[in-house]
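Peer 1: Dumping the structure here so I can ask a few things about it.
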Amino acid sequence: MCSQKWPSVCSIKWILLFCLCFGLLLSWFAIKGNRCHPNIAMPYTLHRILYDKPDIFKPRRIDVLSITPWLAPIVWNGTFNRDILNAQFHQREVRIGLTVFAIKKYVIFIKKFIESAEKFFMVGHKVNYYVFTDRVNEISNFTLAEGRHMVILEVPAYERWQDVTMRRMEMIRDFSIKQFVNDVDYLACVDVDMEFLDDVGVEILSKVFGALHPGFFSHTRREFTYERRPQSKAYIPFEAGDFYYAGGYFGGVVEEVVKLTNYCHHAMLADKQQNIEALWHDESYLNKYFLLYKPTKILSPEYIWNNYYGSPASIQTKRFLGVNKKYEEVRF
Ligand code: 4GW
Ligand code: MN
């Protein structure tokens with residue numbers, strides 16, 4: 001059969017067969033490669049984000065500290081590129097829970113809180129609002145953007161206001177274990193008497209994070225209003241302490257939030273046994289926790305500002321601002 005001269009029909013057949021096999025082999029390797037390294041094959045879109053090369057000799061902010069001695073970033077306006085961060089977190093399809101308490105008369109703050117969060121909090125990402133309240137019927141319906149949900153959690157209203165704020169730790173811990181851990185990757189736990197005025201995005205996310213209290217970021221250790229009684233579990237001596245963290249803003253991956261809230265709740269219970277209540281309640285225990293277990297990221301006071309503290313030059317934007325409270329209307 002194959003006795004004709006070169007190039008015989010027979011040898012062309014063999015060449016074609018060889019090419020076919022080689023092609024099949026190549027595509028098999030390509031498919032296998034993609035399957036094994038999805039994060040190498042996928043970030044194609046990332047290459048299309050245009051941004052300036054980071055310059056080692058040009059820090060983005062020179063007026064403020066943007067990294068702690070334990071190498072946690074401190075997030076200030078101008079130090080990060082939101083597009084790069086968004087692309088990274090979209091790649092992971094991150095899900096974020098925002099916990100907020102609206103107990104008794106504090107339900108009045110929910111509307112502005114949620115409506116402003118829809119404009120500025122984690123826009124474009126998957127968000128669950130977890131609203132803890134004793135007044136379920138007083139929480140109105142909100143139209144939320146795609147991928148965003150509200151979960152209303154009915155909880156008891158403690159009689160003393162100090163317990164209303166302190167027991168948040170216990171409730172966040174319990175719902176984290178039984179529910180949030182299945183629903184979201186990160187939690188941000190914040191006060192409700194607040195309004196979002198500028199973007200708060202994935203730049204806040206880290207294993208465990210806290211925020212600098214707007215009233216103390218330029219103060220000395222001695223001036224921090226830590227709990228100073230050695231009998232208290234929240235005790236911090238005058239020679240210790242890094243920053244004064246705000247009680248109204250902390251978070252992290254759900255497992256870390258469980259550790260943090262569990263620690264604070266147990267410290268509070270132990271103090272209660274001794275008839276002690278830390279000076280600034282949950283905030284005092286949170287400060288003790290962050291002294292012992294350093295946060296992996298710290299948010300500048302842009303993230304929890306209050307106009308009571310004016311408008312210093314270092315605060316270039318007020319992302320989340322305290323709402324003026326008419327104390328007689330909300331307190332008891
Ligand atoms: C005094 O009468 C009160 S009531 C002090 C706090 C109260 C309270 C606080 C309340 O009645 N209902 C309530 O839901 N809270 C929650 O605790 C709410 O989420 C609030 O943002 C958080 C901390 O209380 P706060 O915002 O009044 O604390 P500061 O003044 O430090 O921002
Ligand atoms: Mn507050």
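Residue numbers start at 1 in each chain; chains themselves are named A, B, ... in the order of the structure tokens; ligands are numbered from 1 in the order shown.
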Using only C-alpha atoms and all ligand atoms, which protein or nucleic acid residues are at most 7 Å from ligand 2, as a list in words?
Peer 2: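 So, counting only C-alpha atoms and all ligand atoms, the residues near ligand 2 are Asp191, Val192, Asp193, Met194, Gly248 and Gly322 of chain A.
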Peer 1: Counting only C-alpha atoms, what is within 10 Å of A:Asn262, bar same-chain residues fewer than 6 positions away, as JSON, numbers by chain?
Peer 2: {"A": [169, 170, 171, 172, 173, 174, 256, 268]}
Peer 1: Any chance you could export the current selection's all heavy atoms as a compact mmCIF listing (two decimals), in the first residue's frame?
Peer 2:
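Contents of again-v1.txt, as written:
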```
# COMPACT_ATOMS: atom_id res chain seq x y z
N MET A 169 -21.35 42.41 73.24
CA MET A 169 -20.26 41.45 73.07
C MET A 169 -20.79 40.01 73.09
O MET A 169 -20.48 39.20 72.23
CB MET A 169 -19.20 41.63 74.15
CG MET A 169 -18.46 42.95 74.07
SD MET A 169 -17.45 43.00 72.57
CE MET A 169 -16.57 44.54 72.77
N GLU A 170 -21.61 39.73 74.11
CA GLU A 170 -22.15 38.38 74.26
C GLU A 170 -23.04 38.00 73.07
O GLU A 170 -22.95 36.90 72.52
CB GLU A 170 -22.97 38.32 75.56
CG GLU A 170 -23.59 36.97 75.85
CD GLU A 170 -24.51 37.01 77.06
OE1 GLU A 170 -25.07 38.08 77.38
OE2 GLU A 170 -24.67 35.95 77.71
N MET A 171 -23.87 38.96 72.65
CA MET A 171 -24.81 38.65 71.56
C MET A 171 -24.09 38.47 70.23
O MET A 171 -24.43 37.58 69.45
CB MET A 171 -25.89 39.74 71.48
CG MET A 171 -26.78 39.76 72.72
SD MET A 171 -28.17 40.87 72.50
CE MET A 171 -28.06 41.93 73.91
N ILE A 172 -23.09 39.31 69.99
CA ILE A 172 -22.33 39.15 68.74
C ILE A 172 -21.62 37.79 68.75
O ILE A 172 -21.62 37.06 67.75
CB ILE A 172 -21.30 40.30 68.55
CG1 ILE A 172 -22.02 41.63 68.32
CG2 ILE A 172 -20.36 39.99 67.39
CD1 ILE A 172 -21.14 42.86 68.35
N ARG A 173 -21.06 37.44 69.92
CA ARG A 173 -20.38 36.13 70.02
C ARG A 173 -21.35 34.99 69.70
O ARG A 173 -21.06 34.13 68.86
CB ARG A 173 -19.82 35.95 71.44
CG ARG A 173 -19.14 34.61 71.64
CD ARG A 173 -18.97 34.26 73.10
NE ARG A 173 -20.26 34.08 73.78
CZ ARG A 173 -20.39 33.83 75.08
NH1 ARG A 173 -19.32 33.78 75.86
NH2 ARG A 173 -21.59 33.67 75.63
N ASP A 174 -22.52 35.01 70.36
CA ASP A 174 -23.44 33.89 70.20
C ASP A 174 -23.97 33.77 68.77
O ASP A 174 -24.04 32.67 68.22
CB ASP A 174 -24.61 34.03 71.20
CG ASP A 174 -24.11 33.87 72.64
OD1 ASP A 174 -22.94 33.44 72.81
OD2 ASP A 174 -24.87 34.19 73.57
N GLU A 256 -12.21 35.30 64.59
CA GLU A 256 -11.49 36.27 65.44
C GLU A 256 -12.46 37.15 66.23
O GLU A 256 -12.17 37.53 67.36
CB GLU A 256 -10.57 37.15 64.58
CG GLU A 256 -9.33 36.44 64.11
CD GLU A 256 -8.38 36.04 65.24
OE1 GLU A 256 -8.18 36.82 66.18
OE2 GLU A 256 -7.85 34.91 65.17
N MET A 268 -15.91 41.17 81.47
CA MET A 268 -16.99 41.95 82.05
C MET A 268 -17.70 41.16 83.16
O MET A 268 -17.96 41.68 84.25
CB MET A 268 -17.97 42.34 80.93
CG MET A 268 -19.10 43.24 81.35
SD MET A 268 -20.52 42.35 81.94
CE MET A 268 -21.19 41.69 80.42
```
Peer 1: Give me, please, the distance in Å between atom CA of A:Asp183 and atom CA of A:Val127, quoted to one decimal.
Peer 2: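 Between atom CA of A:Asp183 and atom CA of A:Val127 the gap is 9.8 Å.
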Peer 1: What lies within 12 Å of A:Met166 using only C-alpha atoms, ignoring chain neighbours under 2 positions off, as a ChimeraX atom specification?
Peer 2: /A:101,157-164,168-172,247-248,261-262,264-269,272,277-286
Peer 1: Give me a file of those residues, with N, CA, C and O atoms, as a CSV table (one decimal), in the first residue's frame.
Peer 2:
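Generated file (result01.csv):
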```csv
chain,number,residue,atom,x,y,z
A,101,PHE,N,-26.7,47.5,66.7
A,101,PHE,CA,-27.8,47.3,67.7
A,101,PHE,C,-28.7,48.5,67.7
A,101,PHE,O,-28.2,49.7,67.8
A,157,ALA,N,-33.8,43.6,75.7
A,157,ALA,CA,-33.4,44.9,76.1
A,157,ALA,C,-33.1,44.9,77.5
A,157,ALA,O,-33.9,44.8,78.4
A,158,TYR,N,-31.8,45.1,77.8
A,158,TYR,CA,-31.4,45.2,79.3
A,158,TYR,C,-31.9,46.4,79.9
A,158,TYR,O,-32.1,47.5,79.2
A,159,GLU,N,-32.1,46.4,81.2
A,159,GLU,CA,-32.7,47.5,81.9
A,159,GLU,C,-31.7,48.7,82.0
A,159,GLU,O,-32.1,49.8,81.7
A,160,ARG,N,-30.5,48.4,82.4
A,160,ARG,CA,-29.5,49.4,82.5
A,160,ARG,C,-28.9,49.7,81.2
A,160,ARG,O,-28.5,48.8,80.5
A,161,TRP,N,-28.6,51.0,80.9
A,161,TRP,CA,-28.1,51.3,79.5
A,161,TRP,C,-26.6,50.7,79.4
A,161,TRP,O,-26.2,50.4,78.3
A,162,GLN,N,-26.0,50.7,80.6
A,162,GLN,CA,-24.6,50.1,80.5
A,162,GLN,C,-24.6,48.7,80.0
A,162,GLN,O,-23.7,48.3,79.3
A,163,ASP,N,-25.7,48.0,80.5
A,163,ASP,CA,-25.8,46.6,80.0
A,163,ASP,C,-26.2,46.5,78.6
A,163,ASP,O,-25.8,45.6,77.8
A,164,VAL,N,-27.0,47.5,78.1
A,164,VAL,CA,-27.4,47.5,76.7
A,164,VAL,C,-26.1,47.5,75.8
A,164,VAL,O,-26.0,46.8,74.9
A,168,ARG,N,-23.6,43.7,74.1
A,168,ARG,CA,-23.4,43.5,72.6
A,168,ARG,C,-22.4,42.4,72.4
A,168,ARG,O,-22.5,41.6,71.4
A,169,MET,N,-21.4,42.4,73.2
A,169,MET,CA,-20.3,41.4,73.1
A,169,MET,C,-20.8,40.0,73.1
A,169,MET,O,-20.5,39.2,72.2
A,170,GLU,N,-21.6,39.7,74.1
A,170,GLU,CA,-22.2,38.4,74.3
A,170,GLU,C,-23.0,38.0,73.1
A,170,GLU,O,-23.0,36.9,72.5
A,171,MET,N,-23.9,39.0,72.7
A,171,MET,CA,-24.8,38.7,71.6
A,171,MET,C,-24.1,38.5,70.2
A,171,MET,O,-24.4,37.6,69.4
A,172,ILE,N,-23.1,39.3,70.0
A,172,ILE,CA,-22.3,39.1,68.7
A,172,ILE,C,-21.6,37.8,68.8
A,172,ILE,O,-21.6,37.1,67.8
A,247,GLY,N,-14.9,52.0,71.0
A,247,GLY,CA,-15.7,50.9,71.3
A,247,GLY,C,-16.7,50.6,70.2
A,247,GLY,O,-17.2,49.5,70.0
A,248,GLY,N,-17.0,51.6,69.4
A,248,GLY,CA,-18.0,51.6,68.4
A,248,GLY,C,-17.6,51.1,67.0
A,248,GLY,O,-18.3,51.3,66.0
A,261,THR,N,-15.0,39.0,71.2
A,261,THR,CA,-16.2,39.3,72.0
A,261,THR,C,-16.3,38.3,73.2
A,261,THR,O,-16.7,38.7,74.3
A,262,ASN,N,-15.8,37.1,73.0
A,262,ASN,CA,-15.8,36.2,74.2
A,262,ASN,C,-14.9,36.6,75.3
A,262,ASN,O,-15.3,36.6,76.5
A,264,CYS,N,-14.0,39.8,75.9
A,264,CYS,CA,-14.6,41.0,76.5
A,264,CYS,C,-15.7,40.6,77.4
A,264,CYS,O,-15.9,41.2,78.5
A,265,HIS,N,-16.6,39.7,76.9
A,265,HIS,CA,-17.7,39.3,77.7
A,265,HIS,C,-17.3,38.7,79.0
A,265,HIS,O,-17.8,39.0,80.1
A,266,HIS,N,-16.3,37.8,79.0
A,266,HIS,CA,-15.9,37.1,80.2
A,266,HIS,C,-15.2,38.0,81.2
A,266,HIS,O,-15.4,37.9,82.4
A,267,ALA,N,-14.5,39.0,80.6
A,267,ALA,CA,-13.8,40.0,81.5
A,267,ALA,C,-14.9,40.8,82.2
A,267,ALA,O,-14.8,41.1,83.4
A,268,MET,N,-15.9,41.2,81.5
A,268,MET,CA,-17.0,42.0,82.1
A,268,MET,C,-17.7,41.2,83.2
A,268,MET,O,-18.0,41.7,84.2
A,269,LEU,N,-18.0,39.9,82.9
A,269,LEU,CA,-18.6,39.0,83.9
A,269,LEU,C,-17.8,38.9,85.2
A,269,LEU,O,-18.3,38.9,86.3
A,272,LYS,N,-18.0,42.0,87.1
A,272,LYS,CA,-19.3,42.0,87.7
A,272,LYS,C,-19.3,41.3,89.1
A,272,LYS,O,-19.9,41.7,90.0
A,277,GLU,N,-17.4,47.8,87.4
A,277,GLU,CA,-17.7,48.0,86.0
A,277,GLU,C,-16.7,48.9,85.4
A,277,GLU,O,-16.5,50.0,86.0
A,278,ALA,N,-16.1,48.5,84.4
A,278,ALA,CA,-15.0,49.3,83.8
A,278,ALA,C,-15.5,50.7,83.4
A,278,ALA,O,-16.7,50.8,83.0
A,279,LEU,N,-14.6,51.6,83.4
A,279,LEU,CA,-15.0,53.1,83.2
A,279,LEU,C,-15.8,53.3,82.0
A,279,LEU,O,-16.8,53.9,82.0
A,280,TRP,N,-15.3,52.8,80.9
A,280,TRP,CA,-16.0,53.0,79.6
A,280,TRP,C,-16.6,51.7,79.1
A,280,TRP,O,-16.7,51.5,77.9
A,281,HIS,N,-17.0,50.8,80.0
A,281,HIS,CA,-17.8,49.6,79.7
A,281,HIS,C,-17.1,48.8,78.6
A,281,HIS,O,-15.9,48.5,78.8
A,282,ASP,N,-17.9,48.4,77.6
A,282,ASP,CA,-17.3,47.5,76.6
A,282,ASP,C,-16.0,48.1,75.9
A,282,ASP,O,-15.1,47.4,75.6
A,283,GLU,N,-15.9,49.4,75.8
A,283,GLU,CA,-14.8,50.0,75.2
A,283,GLU,C,-13.5,49.8,76.0
A,283,GLU,O,-12.4,49.6,75.5
A,284,SER,N,-13.6,49.8,77.4
A,284,SER,CA,-12.5,49.5,78.2
A,284,SER,C,-12.0,48.1,78.0
A,284,SER,O,-10.7,47.8,78.0
A,285,TYR,N,-12.9,47.1,77.9
A,285,TYR,CA,-12.5,45.7,77.7
A,285,TYR,C,-11.9,45.5,76.3
A,285,TYR,O,-10.9,44.8,76.2
A,286,LEU,N,-12.4,46.2,75.4
A,286,LEU,CA,-11.9,46.1,74.0
A,286,LEU,C,-10.4,46.6,74.0
A,286,LEU,O,-9.6,46.0,73.3
```
Peer 1: Can you list every residue of stretch 212-237 of chain A that has an atom at most 7 Å from stretch 292-314 of chain A, with its nearest atom pair and the distance in Å to one decimal, using only C-alpha atoms, ordered by chain then number, as a tab-separated table?
Peer 2:
```
residue	atom	partner	partner_atom	distance
A:Leu212	CA	A:Pro301	CA	5.2
A:His213	CA	A:Pro301	CA	6.0
A:Pro214	CA	A:Pro301	CA	5.0
A:Gly215	CA	A:Tyr309	CA	6.5
```
Peer 1: Save the residues we just selected, C-alpha atoms, as a PDB file, in the first residue's frame?
Peer 2:
```
ATOM      1  CA  LEU A 212      -8.639  54.895  66.567  1.00  0.00           C
ATOM      2  CA  HIS A 213     -11.010  56.834  68.817  1.00  0.00           C
ATOM      3  CA  PRO A 214     -11.408  60.340  67.329  1.00  0.00           C
ATOM      4  CA  GLY A 215     -10.911  61.966  70.706  1.00  0.00           C
TER       5      GLY A 215
END
```
Peer 1: Within 8 Å of stretch 240-245 of chain A, counting only C-alpha atoms, which residues qualify if same-chain residues fewer than 2 places away don't, as an mmCIF file with N, CA and C atoms, in the first residue's frame?
Peer 2:
```cif
data_model
loop_
_atom_site.group_PDB
_atom_site.id
_atom_site.type_symbol
_atom_site.label_atom_id
_atom_site.label_comp_id
_atom_site.auth_asym_id
_atom_site.auth_seq_id
_atom_site.Cartn_x
_atom_site.Cartn_y
_atom_site.Cartn_z
ATOM 1 N N GLY A 210 -9.434 47.227 64.544
ATOM 2 C CA GLY A 210 -10.065 48.192 65.436
ATOM 3 C C GLY A 210 -9.912 49.565 64.816
ATOM 4 N N ALA A 211 -10.488 50.583 65.480
ATOM 5 C CA ALA A 211 -10.406 51.944 64.940
ATOM 6 C C ALA A 211 -9.910 52.894 66.032
ATOM 7 N N LEU A 212 -9.133 53.897 65.615
ATOM 8 C CA LEU A 212 -8.639 54.895 66.567
ATOM 9 C C LEU A 212 -9.790 55.796 67.008
ATOM 10 N N HIS A 213 -9.957 55.950 68.294
ATOM 11 C CA HIS A 213 -11.010 56.834 68.817
ATOM 12 C C HIS A 213 -10.699 58.274 68.398
ATOM 13 N N PHE A 216 -8.814 60.732 70.870
ATOM 14 C CA PHE A 216 -7.548 60.422 71.540
ATOM 15 C C PHE A 216 -6.376 60.111 70.618
ATOM 16 N N PHE A 217 -6.544 60.247 69.315
ATOM 17 C CA PHE A 217 -5.452 59.771 68.448
ATOM 18 C C PHE A 217 -4.183 60.608 68.551
ATOM 19 N N ARG A 221 -0.206 58.414 76.246
ATOM 20 C CA ARG A 221 -0.700 57.239 76.970
ATOM 21 C C ARG A 221 -1.433 57.606 78.262
ATOM 22 N N PHE A 224 -4.984 58.641 77.916
ATOM 23 C CA PHE A 224 -5.999 57.672 77.471
ATOM 24 C C PHE A 224 -6.921 57.336 78.643
ATOM 25 N N THR A 225 -8.209 57.220 78.364
ATOM 26 C CA THR A 225 -9.148 56.919 79.452
ATOM 27 C C THR A 225 -9.331 55.411 79.620
ATOM 28 N N TYR A 226 -8.194 54.709 79.703
ATOM 29 C CA TYR A 226 -8.233 53.271 80.000
ATOM 30 C C TYR A 226 -8.748 53.084 81.436
ATOM 31 N N ILE A 236 -5.269 48.768 82.617
ATOM 32 C CA ILE A 236 -4.053 49.024 81.824
ATOM 33 C C ILE A 236 -3.243 50.071 82.596
ATOM 34 N N PRO A 237 -2.013 49.755 82.982
ATOM 35 C CA PRO A 237 -1.213 50.730 83.739
ATOM 36 C C PRO A 237 -0.791 51.908 82.864
ATOM 37 N N PHE A 238 -0.377 52.989 83.513
ATOM 38 C CA PHE A 238 -0.033 54.219 82.789
ATOM 39 C C PHE A 238 1.121 54.033 81.807
ATOM 40 N N GLY A 247 -14.862 52.033 71.025
ATOM 41 C CA GLY A 247 -15.717 50.876 71.308
ATOM 42 C C GLY A 247 -16.714 50.623 70.184
ATOM 43 N N GLU A 283 -15.941 49.403 75.811
ATOM 44 C CA GLU A 283 -14.765 50.040 75.201
ATOM 45 C C GLU A 283 -13.495 49.776 76.028
ATOM 46 N N LEU A 286 -12.423 46.213 75.365
ATOM 47 C CA LEU A 286 -11.887 46.125 74.002
ATOM 48 C C LEU A 286 -10.445 46.649 73.968
ATOM 49 N N ASN A 287 -10.211 47.743 74.673
ATOM 50 C CA ASN A 287 -8.849 48.302 74.715
ATOM 51 C C ASN A 287 -7.877 47.336 75.378
ATOM 52 N N LEU A 291 -4.648 45.488 73.535
ATOM 53 C CA LEU A 291 -3.291 45.621 74.087
ATOM 54 C C LEU A 291 -2.620 44.240 74.097
#
```
Peer 1: If I take atom CA of A:Thr143 and atom CA of A:Leu187, how far is one from the other in Å, to one decimal?
Peer 2: 21.7 Å
Peer 1: Closest to ligand 1 among A:Asp134, A:Glu146, A:Glu203, A:Glu239, using only C-alpha atoms and all ligand atoms?
Peer 2: A:Asp134
